[in-house]
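Have a look at model_12.txt below; it lists compact mmCIF, C-alpha atoms.
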# COMPACT_ATOMS: atom_id res chain seq x y z
CA MET D 1 26.44 -75.36 31.46
CA LEU D 2 28.52 -78.52 31.61
CA ILE D 3 28.48 -81.15 28.95
CA SER D 4 30.10 -84.55 28.89
CA VAL D 5 31.44 -84.64 25.34
CA ASN D 6 32.53 -87.47 23.12
CA GLN D 7 36.28 -87.55 22.63
CA ASN D 8 35.80 -88.61 19.00
CA LYS D 9 34.46 -85.15 18.21
CA ASN D 10 35.56 -83.84 14.82
CA PRO D 11 38.80 -81.81 15.32
CA LYS D 12 37.50 -79.25 12.78
CA ASP D 13 34.83 -78.28 15.29
CA VAL D 14 37.46 -77.27 17.84
CA ASP D 15 39.33 -73.96 17.77
CA VAL D 16 43.09 -74.26 17.42
CA MET D 17 44.84 -73.26 20.65
CA LEU D 18 48.28 -71.76 20.96
CA ILE D 19 49.14 -73.05 24.44
CA SER D 20 47.66 -76.20 25.96
CA ILE D 21 48.27 -76.38 29.71
CA VAL D 22 47.95 -79.98 30.89
CA THR D 23 47.86 -80.98 34.55
CA THR D 24 46.71 -83.91 36.68
CA LEU D 25 44.57 -83.92 39.81
CA TYR D 26 44.69 -86.36 42.69
CA ASN D 27 43.07 -85.09 45.89
CA SER D 28 44.08 -81.59 44.78
CA GLU D 29 41.00 -79.57 45.75
CA LYS D 30 42.92 -77.04 47.85
CA TYR D 31 45.26 -76.14 44.98
CA ILE D 32 42.94 -76.01 41.96
CA GLU D 33 41.64 -72.43 42.13
CA THR D 34 45.05 -70.92 42.91
CA PHE D 35 46.66 -73.03 40.21
CA TYR D 36 44.10 -71.83 37.65
CA ASN D 37 44.54 -68.17 38.59
CA ARG D 38 48.32 -68.44 38.29
CA CYS D 39 47.96 -70.12 34.91
CA ILE D 40 45.81 -67.23 33.67
CA LEU D 41 48.43 -64.73 34.83
CA ALA D 42 51.14 -66.76 33.09
CA ILE D 43 49.10 -66.82 29.86
CA LYS D 44 48.57 -63.06 30.01
CA SER D 45 52.32 -62.53 30.42
CA ILE D 46 52.93 -63.96 26.95
CA ASN D 47 49.64 -62.67 25.47
CA CYS D 48 48.42 -65.82 23.75
CA ASN D 49 45.35 -68.01 23.42
CA TYR D 50 45.09 -71.04 25.67
CA GLU D 51 43.28 -74.12 26.89
CA ILE D 52 43.66 -75.78 30.28
CA ILE D 53 43.16 -79.53 30.56
CA PHE D 54 42.63 -81.03 34.01
CA VAL D 55 42.92 -84.84 34.24
CA ASP D 56 41.39 -86.19 37.44
CA ASP D 57 43.17 -89.40 38.38
CA GLY D 58 40.55 -90.94 40.65
CA SER D 59 40.44 -88.26 43.36
CA VAL D 60 38.41 -89.11 46.46
CA ASP D 61 38.05 -85.51 47.66
CA ASN D 62 36.22 -82.61 45.98
CA SER D 63 38.75 -82.10 43.18
CA ILE D 64 36.18 -82.85 40.47
CA LEU D 65 33.65 -80.40 41.94
CA GLU D 66 36.28 -77.65 42.15
CA ALA D 67 37.40 -78.31 38.59
CA LYS D 68 33.78 -78.27 37.36
CA LYS D 69 33.39 -74.77 38.76
CA LEU D 70 36.26 -73.64 36.54
CA VAL D 71 34.76 -75.45 33.55
CA ALA D 72 31.45 -73.64 34.11
CA ALA D 73 33.21 -70.27 34.32
CA ASP D 74 35.69 -70.67 31.45
CA ASN D 75 34.95 -72.38 28.14
CA LYS D 76 38.69 -72.87 27.62
CA VAL D 77 38.90 -75.32 30.53
CA THR D 78 38.35 -79.06 30.02
CA LEU D 79 38.04 -81.68 32.75
CA VAL D 80 38.93 -85.28 31.85
CA GLU D 81 37.67 -87.64 34.53
CA LEU D 82 39.37 -91.06 34.70
CA SER D 83 37.33 -94.01 35.94
CA LYS D 84 39.81 -94.72 38.78
CA ASN D 85 43.34 -93.96 39.95
CA PHE D 86 45.70 -95.15 37.21
CA GLY D 87 48.81 -93.28 38.35
CA HIS D 88 50.33 -89.85 37.85
CA HIS D 89 52.38 -90.64 34.75
CA LYS D 90 49.59 -92.48 32.93
CA ALA D 91 47.16 -89.64 33.65
CA MET D 92 49.69 -87.16 32.34
CA LEU D 93 50.09 -89.07 29.07
CA LYS D 94 46.31 -89.24 28.70
CA GLY D 95 46.04 -85.48 29.14
CA ILE D 96 48.57 -84.86 26.38
CA THR D 97 46.38 -86.76 23.89
CA TYR D 98 43.68 -84.07 24.32
CA ALA D 99 46.03 -81.13 23.69
CA LYS D 100 45.37 -79.16 20.51
CA GLY D 101 47.77 -76.25 20.90
CA GLU D 102 50.88 -75.40 18.97
CA TYR D 103 52.63 -75.91 22.32
CA ALA D 104 51.79 -78.01 25.39
CA PHE D 105 52.84 -76.95 28.88
CA ILE D 106 52.94 -79.87 31.34
CA ILE D 107 52.92 -78.94 35.01
CA ASP D 108 51.70 -80.45 38.29
CA SER D 109 48.78 -78.72 39.97
CA ASP D 110 50.19 -78.89 43.52
CA LEU D 111 52.07 -75.58 43.04
CA GLU D 112 55.50 -77.06 43.78
CA GLU D 113 56.21 -75.80 40.27
CA ASP D 114 55.05 -72.24 39.61
CA PRO D 115 52.88 -71.77 36.48
CA ALA D 116 54.78 -68.47 36.02
CA LEU D 117 57.58 -70.65 34.59
CA LEU D 118 55.60 -70.64 31.34
CA LYS D 119 57.03 -67.26 30.29
CA PRO D 120 60.77 -68.06 30.72
CA PHE D 121 60.18 -71.49 29.17
CA PHE D 122 58.38 -69.91 26.21
CA ASN D 123 61.16 -67.36 25.71
CA LYS D 124 63.91 -69.96 25.95
CA LEU D 125 62.17 -72.35 23.54
CA HIS D 126 62.17 -69.67 20.85
CA LEU D 127 65.60 -68.27 21.74
CA GLU D 128 67.22 -71.73 21.61
CA ASN D 129 65.09 -72.82 18.64
CA CYS D 130 64.43 -76.13 20.38
CA ASP D 131 61.53 -78.55 20.64
CA VAL D 132 61.35 -78.85 24.44
CA VAL D 133 62.30 -76.78 27.48
CA TYR D 134 62.21 -78.87 30.65
CA GLY D 135 62.67 -77.98 34.30
CA VAL D 136 65.68 -79.03 36.33
CA GLN D 137 65.80 -78.36 40.07
CA ASN D 138 68.68 -76.19 41.28
CA LYS D 139 68.87 -78.55 44.23
CA ARG D 140 66.86 -81.58 45.24
CA LYS D 141 64.10 -80.90 47.74
CA GLY D 142 63.49 -82.95 50.85
CA ALA D 143 65.51 -84.27 53.78
CA ILE D 144 69.04 -85.66 53.58
CA PHE D 145 67.84 -89.24 53.07
CA GLU D 146 65.57 -88.24 50.16
CA LYS D 147 68.32 -86.19 48.52
CA LEU D 148 70.91 -88.96 48.94
CA THR D 149 68.72 -91.80 47.68
CA GLY D 150 67.33 -89.68 44.83
CA GLY D 151 70.77 -88.65 43.61
CA THR D 152 72.08 -92.21 43.90
CA PHE D 153 69.13 -93.55 41.91
CA TRP D 154 69.63 -91.16 38.99
CA ASP D 155 73.37 -91.90 38.88
CA PHE D 156 72.69 -95.64 38.84
CA PHE D 157 69.89 -95.34 36.29
CA ASN D 158 72.06 -93.42 33.83
CA LYS D 159 74.83 -96.00 34.18
CA VAL D 160 72.63 -99.00 33.36
CA ALA D 161 69.83 -97.60 31.16
CA SER D 162 69.84 -97.33 27.39
CA THR D 163 68.46 -93.77 27.66
CA GLU D 164 70.18 -91.05 29.68
CA VAL D 165 67.83 -88.99 31.85
CA PRO D 166 68.71 -85.51 33.18
CA LYS D 167 69.45 -85.60 36.90
CA ASN D 168 67.04 -83.71 39.18
CA GLY D 169 64.55 -83.33 36.34
CA SER D 170 61.03 -82.13 37.09
CA THR D 171 57.57 -82.64 35.62
CA VAL D 172 57.23 -79.12 34.25
CA ARG D 173 58.07 -78.71 30.56
CA LEU D 174 57.00 -76.82 27.44
CA MET D 175 56.84 -78.84 24.21
CA ASN D 176 56.07 -78.04 20.61
CA LYS D 177 53.40 -80.02 18.77
CA LYS D 178 55.88 -82.17 16.85
CA TYR D 179 57.36 -83.43 20.12
CA TYR D 180 54.18 -84.01 22.10
CA ASN D 181 52.51 -85.78 19.17
CA ALA D 182 55.47 -88.17 19.12
CA LEU D 183 55.20 -88.51 22.90
CA SER D 184 51.53 -89.56 22.68
CA LYS D 185 52.52 -92.58 20.57
CA TYR D 186 54.07 -94.28 23.61
CA VAL D 187 51.46 -96.83 24.70
CA GLU D 188 53.47 -99.04 27.05
CA LYS D 189 51.65 -100.22 30.15
CA VAL D 190 54.50 -99.65 32.65
CA VAL D 191 55.04 -95.91 32.31
CA PHE D 192 58.16 -94.07 33.45
CA MET D 193 57.73 -90.54 32.13
CA HIS D 194 61.27 -89.26 32.69
CA GLY D 195 62.64 -92.10 30.59
CA ILE D 196 60.00 -91.66 27.88
CA TRP D 197 60.60 -87.91 27.69
CA ALA D 198 64.29 -88.49 27.04
CA ASP D 199 63.67 -91.45 24.72
CA VAL D 200 61.50 -89.40 22.33
CA GLY D 201 64.56 -87.41 21.29
CA PHE D 202 64.45 -84.04 19.48
CA LYS D 203 66.27 -80.97 20.78
CA GLN D 204 65.61 -80.57 24.51
CA VAL D 205 67.02 -77.72 26.60
CA PRO D 206 67.04 -77.55 30.45
CA HIS D 207 65.89 -74.59 32.52
CA LYS D 208 66.94 -74.47 36.17
CA PHE D 209 64.48 -73.37 38.84
CA ASP D 210 63.77 -73.70 42.55
CA LYS D 211 61.04 -76.19 43.38
CA LEU D 212 58.82 -75.54 46.38
CA ASP D 213 59.10 -78.15 49.13
CA LYS D 214 55.63 -78.87 50.56
CA LYS D 215 57.07 -81.13 53.29
CA SER D 216 54.54 -83.76 52.23
CA THR D 217 54.24 -85.82 49.07
CA GLY D 218 51.91 -88.33 47.48
CA TYR D 219 54.92 -90.54 46.81
CA SER D 220 55.63 -92.74 49.81
CA PHE D 221 58.97 -94.53 50.18
CA LEU D 222 57.46 -97.81 48.96
CA ARG D 223 55.88 -96.06 45.98
CA LYS D 224 59.21 -94.47 45.09
CA ALA D 225 60.92 -97.86 45.42
CA ARG D 226 58.33 -99.42 43.11
CA LEU D 227 58.81 -96.58 40.63
CA ALA D 228 62.59 -97.13 40.75
CA VAL D 229 62.17 -100.82 39.91
CA ASP D 230 59.71 -100.00 37.10
CA SER D 231 62.02 -97.37 35.62
CA ILE D 232 65.11 -99.59 35.54
CA THR D 233 63.33 -102.67 34.21
CA SER D 234 61.58 -100.54 31.56
CA PHE D 235 64.74 -98.99 30.15
CA SER D 236 67.56 -101.42 30.92
CA SER D 237 68.46 -105.09 30.57
CA ALA D 238 71.57 -104.54 32.72
CA PRO D 239 70.12 -106.40 35.75
CA LEU D 240 69.68 -109.54 33.63
CA LYS D 241 73.26 -109.24 32.39
CA GLY D 242 74.34 -108.74 36.00
CA ILE D 243 72.65 -112.02 36.92
CA PHE D 244 74.58 -113.84 34.20
CA TYR D 245 77.95 -112.42 35.22
CA THR D 246 77.25 -113.03 38.91
CA GLY D 247 76.37 -116.64 38.11
CA VAL D 248 79.60 -117.08 36.17
CA PHE D 249 81.59 -115.53 39.02
CA ILE D 250 79.98 -117.77 41.67
CA THR D 251 80.57 -120.83 39.48
CA LEU D 252 84.26 -120.00 39.05
CA ILE D 253 84.69 -119.37 42.78
CA SER D 254 82.90 -122.64 43.61
CA LEU D 255 85.03 -124.64 41.18
CA SER D 256 88.19 -123.04 42.55
CA ILE D 257 87.24 -123.92 46.16
CA ALA D 258 86.28 -127.46 45.15
CA LEU D 259 89.59 -127.91 43.36
CA TYR D 260 91.47 -126.54 46.37
CA VAL D 261 89.70 -128.97 48.76
CA CYS D 262 90.34 -131.95 46.46
CA ILE D 263 94.04 -131.14 46.16
CA LYS D 264 94.38 -130.81 49.95
CA LYS D 265 92.60 -134.14 50.48
CA ILE D 266 94.31 -136.19 47.73
CA PHE D 267 97.86 -134.90 47.89
CA PHE D 268 98.23 -133.69 51.49
CA GLY D 269 95.73 -135.85 53.38
CA PHE D 270 93.95 -132.95 55.08
CA PRO D 271 90.45 -133.91 56.28
CA VAL D 272 87.50 -132.00 54.83
CA SER D 273 85.76 -130.06 57.64
CA GLY D 274 83.93 -126.84 58.34
CA TRP D 275 80.17 -127.47 58.34
CA ALA D 276 79.53 -123.82 59.23
CA SER D 277 81.17 -122.57 56.04
CA ILE D 278 79.22 -125.11 54.02
CA VAL D 279 75.90 -124.02 55.53
CA MET D 280 76.82 -120.37 54.99
CA SER D 281 77.66 -121.09 51.34
CA ILE D 282 74.30 -122.78 50.87
CA TRP D 283 72.48 -119.82 52.38
CA VAL D 284 74.38 -117.31 50.20
CA VAL D 285 73.84 -119.23 46.97
CA GLY D 286 70.21 -119.94 47.91
CA GLY D 287 69.54 -116.26 48.63
CA LEU D 288 71.11 -115.20 45.35
CA THR D 289 69.06 -117.80 43.50
CA PHE D 290 65.78 -116.53 44.94
CA ALA D 291 66.74 -112.91 44.28
CA PHE D 292 67.71 -113.63 40.69
CA LEU D 293 64.59 -115.67 40.03
CA GLY D 294 62.53 -112.78 41.41
CA LEU D 295 64.27 -110.30 39.12
CA ILE D 296 63.72 -112.53 36.10
CA GLY D 297 60.10 -112.80 37.19
CA ILE D 298 59.77 -109.00 37.12
CA TYR D 299 60.92 -108.91 33.50
CA ILE D 300 58.57 -111.75 32.59
CA SER D 301 55.69 -109.95 34.29
CA ARG D 302 56.48 -106.87 32.18
CA ILE D 303 56.11 -108.99 29.04
CA PHE D 304 52.86 -110.45 30.41
CA ILE D 305 51.44 -106.98 31.10
CA GLU D 306 52.37 -105.61 27.66
CA VAL D 307 51.07 -108.67 25.78
CA LYS D 308 47.61 -108.40 27.37
CA GLN D 309 47.18 -104.99 25.66
CA ARG D 310 44.88 -103.63 28.33
CA PRO D 311 44.15 -99.89 28.18
CA THR D 312 46.51 -97.72 30.21
CA THR D 313 43.61 -95.49 31.32
CA ILE D 314 39.84 -95.34 30.95
CA VAL D 315 37.97 -92.03 30.76
CA SER D 316 34.54 -91.97 32.36
CA ASN D 317 33.56 -88.38 31.47
CA ILE D 318 34.85 -85.27 29.79
CA TYR D 319 33.41 -81.94 30.94
CA LYS D 320 33.50 -78.78 28.87
CA LYS D 321 31.34 -75.68 28.76
CA GLU D 322 29.10 -75.51 25.70
CA PRO D 323 27.04 -72.53 24.50
CA GLN D 324 23.78 -74.45 24.07
CA GLY D 325 22.09 -76.86 26.44
CA SER D 326 23.59 -79.52 28.61
CA VAL D 327 23.87 -83.23 27.95
CA GLU D 328 25.73 -85.63 30.21
CA ARG D 329 26.54 -89.21 29.37
CA ASP D 330 29.17 -91.78 30.20
CA VAL D 331 32.15 -91.88 27.88
CA VAL D 332 34.34 -94.97 27.70
CA ASP D 333 37.79 -94.28 26.35
CA VAL D 334 40.38 -97.02 25.82
In structure tokens, write the structure found in this file.
Amino acid sequence: MLISVNQNKNPKDVDVMLISIVTTLYNSEKYIETFYNRCILAIKSINCNYEIIFVDDGSVDNSILEAKKLVAADNKVTLVELSKNFGHHKAMLKGITYAKGEYAFIIDSDLEEDPALLKPFFNKLHLENCDVVYGVQNKRKGAIFEKLTGGTFWDFFNKVASTEVPKNGSTVRLMNKKYYNALSKYVEKVVFMHGIWADVGFKQVPHKFDKLDKKSTGYSFLRKARLAVDSITSFSSAPLKGIFYTGVFITLISLSIALYVCIKKIFFGFPVSGWASIVMSIWVVGGLTFAFLGLIGIYISRIFIEVKQRPTTIVSNIYKKEPQGSVERDVVDV
């Protein structure tokens, strides 16, 4: 039977898990059963106890129905249903808050990352005596344009950001409880997980692997561009400093040109002409002004969003198999 349980349930009533596998769902119905089966095989390979936490991020297909089937069949599976689509990274952070294991294994459910990675990650975490083992792609997936823009973005981000992020990093990672408890304390509204993962600190060790290329992705070009802007403005003030230095540079150039024109007119009698260059200068300075005001506006909007203190996600229901009876009720989680 399925029961929608209150998330404020006493932790003493819940068995301690060794491995908590946390994944998100968004229109993922065709992957869920295979993902679950591979997770079970991965768990058996290290012979440990487990729980699997599915976080549905507002799917509009049958993802919830498929996940409920697993909940009904396995009392170690939990389905957290969000009230709408809040975004991959926010859903992932929400899932971590429900983990109870000594270790949490974060992985996407679309099978681009193989759940079998759990065993080499588990072995490396203990061999290296570290807090986190995270996946790094041997090579970036996708076409030439995606590889070029992706590589350029990470290079630029690490130059301007206060936190260095591993290049070609992936979602999949195994974390001990000390690390993921610290991770769950991040409550910012604009979430960039790769930056947050690095910002938490502790000893983190990479593990290289080959990521499957599905040829299709839920991240469109515009969504990736928006994520790039969010990531840079969340972890760097360099663009604001760039505005200041650009303004100083333009001012110095303008003063130099003005001084040059005045000297030519006063001392050499040359007439002042060139309306085209004047118009062009106005357009250049005007364009820079609008661009800089827009950038400043982005930072101000970040402050506005954080100050409002709205919840990052809202949970509508949590489904888990219980031994007696079945009760279903709405759960509001802020």
(request) May I ask which of the residues D:Thr23, D:Ser45, D:Thr78, D:Asn85 is the closest one to D:Ala116, counting only C-alpha atoms? (result)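 Smallest distance to D:Ala116 is found for D:Ser45.
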(request) Quote the spacing between atom CA of D:Tyr180 and atom CA of D:Cys39 in Å to one decimal place. (result)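 Atom-to-atom, atom CA of D:Tyr180 and atom CA of D:Cys39 are spaced 19.9 Å apart.
You will find atom CA of D:Ile53 at 13.6 Å from atom CA of D:Ala72.
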(request) Using only C-alpha atoms, find the one residue out of D:Ser316, D:Val136, D:Lys321, D:Ile300 that sits nearest to D:Ser83. (result)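 Selected residue with least distance to D:Ser83: D:Ser316.
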(request) Would you work out the distance separating atom CA of D:Lys177 from atom CA of D:Glu102, expressed in Å to one decimal? (result)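 A separation of 5.3 Å between them.
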